[in-house]
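Participant: My questions will all concern the structure given below.
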Amino acid sequence: MKKNLIVANWKMHLNVSSASIYINRFNKEVPVHRNIEVVIAPSFLAIQPLSLEVDHRKIKLAAQNAYFKDEGAFTGEVSFTMLRDLVKYVIIGHSERRLYFHEDLETVRDKVSACYRNGLTPILCIGETKAERIAGETKRVIHDQLITALSNLTAEEVRGIVIAYEPIWAISTFQGEVAKPQDIQRVIDFIVYQISELYGSKVAEEVRILYGGSVNPDSVSGYLALENCDGALIGGASLNYLEFAKIINKAYLIRGKE
Ligand code: 13P
C-alpha cells in the first residue's frame, strides 16, 4: 500500500534555533507510524543542523525549493546536487514561487528533472488561482501544469512522484476560503485521470496526491478521507509542533491502520 505523507512546509518561518527546539519537542510527541511518512521542509539554513537532530525513523526532511543547474555561477542559488544526502524530498512549483518569483511552467519542469537527476523525490505543487477557478479554467490549468512538469520523465519516474494539489484560492497566503472536500475530490479525480491517460492506470495508482490547501487539526480529516488523497501539505498549522502532531494523529486514525 502507498504510504501517506504529511508534509510541514514551514515557508520562511523558524530560524535555526527555533527549528531545533521544535524538532526536539516534536520528536517526543510523535510515535513512529508505519503507514505515515512525516516530512518537514524547513528553511535552507536549518536543513543541515536538523539532519543531525531528527529521528530519521519518524521524520524525513524536504527542501522548499532548489535551482535546476547542478553547479555554477548562479549567485544566491542552492542546487539539488547540494541537497543530496540531506533531504529526501524537494517541494517544486509552490504557488508562492510561481507567483512571487515568477517560476513558469518550463522552470518547474527543469526543476523536476534536476530533482530526479540527483536522486531526490519531487513534491510537485499544482493548482489554480481564484480567477481561474471562477472562469472555469481549473482543468486546463491543472492539465498544462501537469503535462509540462512531467514532460521529461519516464513512466518509472512518474510512478514515484508526489503531487500536491494546492488550490491557490484555498491557502492562507492569499486569504483563501475553506475548500469543500467534494470540490477537491473532483480535481484529484482529474489528476488521476490525466496521469492514467499519459502513463497508464498502474502508474496513476502509485502516484501519491496530497491536499495542499489550508488545513488544521479539525478540518484535515475531511480531506484525508477523500479517495486517492494520500496526505497533506501543510503551511501555517505546521508551525506549532502540537498542532502538527494533532494532524498526524488524525491522519493515523484515518489512514495509518489500513
Ligand atoms: P497554509 O496551510 O498556511 O494555508 O498554506 C498552505 C500551503 O501553502 C502549503 O504549502
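Just remember, in the C-alpha cells the first chain shown is A, the second B, etc., residues are 1-based per chain, and ligands are 1-based in the order shown.
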Taking a cut-off of 7 Å and counting only C-alpha atoms and all ligand atoms, can you build a table that, for each residue of chain A near ligand 1, reports the nearest atom pair and how far apart they are in Å (one decimal), sorted by chain then residue number, as CSV?

Facilitator:
residue,atom,partner,partner_atom_place_in_ligand_line,distance
A:Asn9,CA,ligand 1,10 (O),5.2
A:His94,CA,ligand 1,10 (O),6.8
A:Ala170,CA,ligand 1,4 (O),6.9
A:Ile171,CA,ligand 1,4 (O),3.7
A:Ser172,CA,ligand 1,4 (O),3.7
A:Thr173,CA,ligand 1,4 (O),6.0
A:Gly212,CA,ligand 1,9 (C),5.1
A:Gly213,CA,ligand 1,6 (C),4.9
A:Ser214,CA,ligand 1,4 (O),3.6
A:Val215,CA,ligand 1,2 (O),5.6
A:Leu233,CA,ligand 1,9 (C),5.0
A:Ile234,CA,ligand 1,9 (C),4.4
A:Gly235,CA,ligand 1,2 (O),3.4
A:Gly236,CA,ligand 1,3 (O),3.7
A:Ala237,CA,ligand 1,2 (O),5.9

Participant: May I have the selected residues written with C-alpha atoms, as a PDB file, in the first residue's frame?

Facilitator:
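Output file selection.pdb follows:
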ATOM      1  CA  ASN A   9       6.025  23.457   4.762  1.00  0.00           C
ATOM      2  CA  HIS A  94       4.775  26.009  -4.896  1.00  0.00           C
ATOM      3  CA  ALA A 170      -7.782  27.994  -0.501  1.00  0.00           C
ATOM      4  CA  ILE A 171      -4.414  28.851   1.034  1.00  0.00           C
ATOM      5  CA  SER A 172      -3.967  31.340   3.825  1.00  0.00           C
ATOM      6  CA  THR A 173      -1.220  33.287   2.000  1.00  0.00           C
ATOM      7  CA  GLY A 212      -2.154  21.379  -0.282  1.00  0.00           C
ATOM      8  CA  GLY A 213      -4.796  23.918   0.704  1.00  0.00           C
ATOM      9  CA  SER A 214      -5.192  25.238   4.236  1.00  0.00           C
ATOM     10  CA  VAL A 215      -5.931  22.650   6.892  1.00  0.00           C
ATOM     11  CA  LEU A 233       0.989  19.649   2.540  1.00  0.00           C
ATOM     12  CA  ILE A 234       0.555  21.990   5.471  1.00  0.00           C
ATOM     13  CA  GLY A 235       1.654  25.584   5.943  1.00  0.00           C
ATOM     14  CA  GLY A 236       0.602  27.672   8.949  1.00  0.00           C
ATOM     15  CA  ALA A 237      -0.726  24.825  11.098  1.00  0.00           C
TER      16      ALA A 237
END

Participant: Given only C-alpha atoms, how would the per-residue table for stretch 73-108 of chain A near stretch 63-66 of chain A read, listing every residue at most 7 Å away with its closest atom pair and distance in Å to one decimal, sorted by chain and number, as a tab-separated table?

Facilitator:
residue	atom	partner	partner_atom	distance
A:Val78	CA	A:Ala66	CA	5.5
A:Ser79	CA	A:Ala66	CA	5.2
A:Phe80	CA	A:Ala66	CA	5.7
A:Val87	CA	A:Ala63	CA	6.7
A:Tyr89	CA	A:Ala63	CA	6.5
A:Val90	CA	A:Ala63	CA	4.7
A:Ile91	CA	A:Gln64	CA	4.8
A:Ile92	CA	A:Asn65	CA	5.8

Participant: What parts of stretch 40-173 of chain A does DSSP call strand (DSSP E or B)? I'd like the answer as a list in words.

Facilitator: Ile40, Ala41, Ile59, Lys60, Leu61, Ala62, Ala63, Tyr67, Ser79, Tyr89, Val90, Ile91, Ile92, Thr121, Pro122, Ile123, Leu124, Cys125, Ile126, Val162, Ile163, Ala164 and Tyr165 of chain A

Participant: For the residues selected in the previous step, produce a file with N, CA and C atoms as an mmCIF file, in the first residue's frame.

Facilitator:
data_model
loop_
_atom_site.group_PDB
_atom_site.id
_atom_site.type_symbol
_atom_site.label_atom_id
_atom_site.label_comp_id
_atom_site.auth_asym_id
_atom_site.auth_seq_id
_atom_site.Cartn_x
_atom_site.Cartn_y
_atom_site.Cartn_z
ATOM 1 N N ILE A 40 9.332 17.214 7.050
ATOM 2 C CA ILE A 40 9.422 18.629 7.426
ATOM 3 C C ILE A 40 10.304 19.357 6.415
ATOM 4 N N ALA A 41 9.778 20.485 5.922
ATOM 5 C CA ALA A 41 10.525 21.312 4.975
ATOM 6 C C ALA A 41 10.881 22.632 5.665
ATOM 7 N N ILE A 59 10.956 11.154 11.002
ATOM 8 C CA ILE A 59 10.874 12.388 10.218
ATOM 9 C C ILE A 59 11.834 12.345 9.043
ATOM 10 N N LYS A 60 11.320 12.689 7.863
ATOM 11 C CA LYS A 60 12.184 12.883 6.707
ATOM 12 C C LYS A 60 12.233 14.382 6.432
ATOM 13 N N LEU A 61 13.311 14.829 5.817
ATOM 14 C CA LEU A 61 13.422 16.259 5.535
ATOM 15 C C LEU A 61 13.167 16.548 4.064
ATOM 16 N N ALA A 62 12.685 17.765 3.824
ATOM 17 C CA ALA A 62 12.479 18.234 2.450
ATOM 18 C C ALA A 62 13.040 19.644 2.350
ATOM 19 N N ALA A 63 13.400 20.033 1.125
ATOM 20 C CA ALA A 63 13.727 21.440 0.865
ATOM 21 C C ALA A 63 12.492 22.072 0.229
ATOM 22 N N TYR A 67 17.585 25.059 -7.222
ATOM 23 C CA TYR A 67 17.813 25.544 -8.599
ATOM 24 C C TYR A 67 18.133 24.360 -9.504
ATOM 25 N N SER A 79 21.618 24.198 -5.256
ATOM 26 C CA SER A 79 21.239 23.190 -6.255
ATOM 27 C C SER A 79 20.685 21.921 -5.602
ATOM 28 N N TYR A 89 13.032 14.757 -0.068
ATOM 29 C CA TYR A 89 12.064 15.389 -0.975
ATOM 30 C C TYR A 89 12.441 16.841 -1.242
ATOM 31 N N VAL A 90 11.954 17.365 -2.364
ATOM 32 C CA VAL A 90 12.048 18.811 -2.609
ATOM 33 C C VAL A 90 10.681 19.286 -3.111
ATOM 34 N N ILE A 91 10.158 20.336 -2.471
ATOM 35 C CA ILE A 91 8.908 20.937 -2.939
ATOM 36 C C ILE A 91 9.241 21.753 -4.195
ATOM 37 N N ILE A 92 8.487 21.524 -5.252
ATOM 38 C CA ILE A 92 8.757 22.226 -6.517
ATOM 39 C C ILE A 92 7.474 22.891 -7.020
ATOM 40 N N THR A 121 13.143 13.091 -4.544
ATOM 41 C CA THR A 121 11.745 12.955 -4.983
ATOM 42 C C THR A 121 11.052 14.313 -4.952
ATOM 43 N N PRO A 122 10.433 14.700 -6.084
ATOM 44 C CA PRO A 122 9.729 15.982 -6.094
ATOM 45 C C PRO A 122 8.366 15.902 -5.408
ATOM 46 N N ILE A 123 8.032 16.968 -4.691
ATOM 47 C CA ILE A 123 6.642 17.184 -4.279
ATOM 48 C C ILE A 123 6.191 18.331 -5.179
ATOM 49 N N LEU A 124 5.557 17.951 -6.278
ATOM 50 C CA LEU A 124 5.199 18.925 -7.312
ATOM 51 C C LEU A 124 3.861 19.580 -6.964
ATOM 52 N N CYS A 125 3.890 20.914 -6.817
ATOM 53 C CA CYS A 125 2.654 21.630 -6.477
ATOM 54 C C CYS A 125 1.979 22.131 -7.746
ATOM 55 N N ILE A 126 0.701 21.869 -7.826
ATOM 56 C CA ILE A 126 -0.086 22.409 -8.948
ATOM 57 C C ILE A 126 -1.395 22.954 -8.384
ATOM 58 N N VAL A 162 5.371 12.809 -6.086
ATOM 59 C CA VAL A 162 4.299 13.234 -5.181
ATOM 60 C C VAL A 162 3.727 14.516 -5.774
ATOM 61 N N ILE A 163 2.399 14.553 -5.902
ATOM 62 C CA ILE A 163 1.750 15.756 -6.434
ATOM 63 C C ILE A 163 0.909 16.385 -5.332
ATOM 64 N N ALA A 164 1.143 17.669 -5.090
ATOM 65 C CA ALA A 164 0.304 18.363 -4.100
ATOM 66 C C ALA A 164 -0.673 19.243 -4.862
ATOM 67 N N TYR A 165 -1.954 18.933 -4.721
ATOM 68 C CA TYR A 165 -2.963 19.817 -5.326
ATOM 69 C C TYR A 165 -3.224 20.961 -4.351
#

Participant: Could you work out how far atom CA of A:Leu105 lies from atom CA of A:Ile147, giving the answer in Å with one decimal?

Facilitator: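 A separation of 9.4 Å between them.
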
Participant: Could you give me, as an MDAnalysis selection string, the residues within 9 Å of A:Ser43, counting only C-alpha atoms and dropping anything in the same chain fewer than 2 positions from it?

Facilitator: chainID A and resid 10:16 41 45:47 63:64

Participant: Find the residue from A:Ala19, A:Ile6, A:Leu50, A:Ala114 that sits nearest to A:Glu71; use only C-alpha atoms when measuring.

Facilitator: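 For A:Glu71, the nearest of the given residues is A:Ala114.
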
Participant: Determine the nearest neighbour of A:Val112 from the options A:Ile184, A:Val141, A:Ala135, A:Val158, counting only C-alpha atoms.

Facilitator: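 Among A:Ile184, A:Val141, A:Ala135, A:Val158, it is A:Val158 that comes nearest to A:Val112.
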
Participant: One decimal, in Å: what's the spacing between atom CA of A:Cys115 and atom CA of A:Ile191?

Facilitator: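 Going from atom CA of A:Cys115 over to atom CA of A:Ile191, I get 21.0 Å.
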
Participant: Just want the 10 Å neighbourhood of A:Ala204, counted on only C-alpha atoms, with same-chain residues fewer than 6 positions away dropped. Output as an MDAnalysis selection string.

Facilitator: chainID A and resid 155 158:159 191:198 228

Participant: I need the residues from that last selection saved to file as a CSV table (one decimal), in the first residue's frame (with N, CA, C and O atoms), if you can.

Facilitator:
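The result, stored in part_36.csv:
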chain,number,residue,atom,x,y,z
A,155,ALA,N,8.0,6.9,-17.4
A,155,ALA,CA,6.8,6.4,-16.6
A,155,ALA,C,7.3,5.9,-15.2
A,155,ALA,O,6.6,6.1,-14.2
A,158,VAL,N,7.7,8.9,-13.1
A,158,VAL,CA,6.4,9.5,-12.7
A,158,VAL,C,5.7,8.6,-11.6
A,158,VAL,O,5.1,9.2,-10.6
A,159,ARG,N,5.9,7.4,-11.6
A,159,ARG,CA,5.4,6.5,-10.6
A,159,ARG,C,5.7,6.9,-9.2
A,159,ARG,O,5.0,6.8,-8.2
A,191,ILE,N,-6.7,14.7,-11.8
A,191,ILE,CA,-5.3,14.5,-11.8
A,191,ILE,C,-5.0,13.0,-12.1
A,191,ILE,O,-4.2,12.6,-12.9
A,192,VAL,N,-5.7,12.1,-11.4
A,192,VAL,CA,-5.6,10.7,-11.6
A,192,VAL,C,-5.9,10.3,-13.0
A,192,VAL,O,-5.1,9.5,-13.7
A,193,TYR,N,-7.0,10.9,-13.5
A,193,TYR,CA,-7.4,10.6,-14.9
A,193,TYR,C,-6.2,11.0,-15.9
A,193,TYR,O,-5.9,10.3,-16.8
A,194,GLN,N,-5.7,12.2,-15.7
A,194,GLN,CA,-4.7,12.7,-16.6
A,194,GLN,C,-3.4,11.8,-16.6
A,194,GLN,O,-2.9,11.5,-17.6
A,195,ILE,N,-3.0,11.4,-15.4
A,195,ILE,CA,-1.8,10.6,-15.3
A,195,ILE,C,-2.1,9.2,-15.9
A,195,ILE,O,-1.2,8.7,-16.6
A,196,SER,N,-3.3,8.7,-15.8
A,196,SER,CA,-3.5,7.4,-16.4
A,196,SER,C,-3.7,7.5,-17.9
A,196,SER,O,-3.2,6.6,-18.6
A,197,GLU,N,-4.2,8.6,-18.4
A,197,GLU,CA,-4.2,8.8,-19.8
A,197,GLU,C,-2.8,8.8,-20.4
A,197,GLU,O,-2.5,8.3,-21.5
A,198,LEU,N,-1.9,9.4,-19.7
A,198,LEU,CA,-0.5,9.6,-20.2
A,198,LEU,C,0.4,8.4,-19.9
A,198,LEU,O,1.3,8.1,-20.7
A,228,ASN,N,-8.1,8.6,-3.1
A,228,ASN,CA,-6.9,8.9,-3.7
A,228,ASN,C,-6.2,10.1,-3.2
A,228,ASN,O,-5.3,10.7,-3.8

Participant: Find the residues near A:Lys2: any atom within 8 Å, counting only C-alpha atoms, skip ones fewer than 6 places away on the same chain, and give them as a PyMOL selection string.

Facilitator: chain A and resi 35+206+208+230

Participant: For A:Thr148, find every residue with an atom within 10 Å (counting only C-alpha atoms), except residues of its own chain fewer than 3 positions away, and show them as JSON, numbers by chain.

Facilitator: {"A": [105, 106, 107, 108, 109, 110, 143, 144, 145, 151, 152]}

Participant: For the atom pair atom CA of A:Leu146 and atom CA of A:Thr129, what is the interatomic distance in Å to one decimal place?

Facilitator: 15.3 Å

Participant: Among stretch 91-238 of chain A, which ones does DSSP assign to helix (DSSP H, G or I) (computed from the backbone)? Answer as a PyMOL selection string.

Facilitator: chain A and resi 95-100+105-117+130-134+138-150+155-159+168-170+172-174+181-199+201-206+220-224+236-238

Participant: Which one is closest to A:Lys28: A:Ala73, A:Arg133, A:Gln185, A:Ala245? Count only C-alpha atoms.

Facilitator: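 Of A:Ala73, A:Arg133, A:Gln185, A:Ala245, the one nearest A:Lys28 is A:Ala245, counting only C-alpha atoms.
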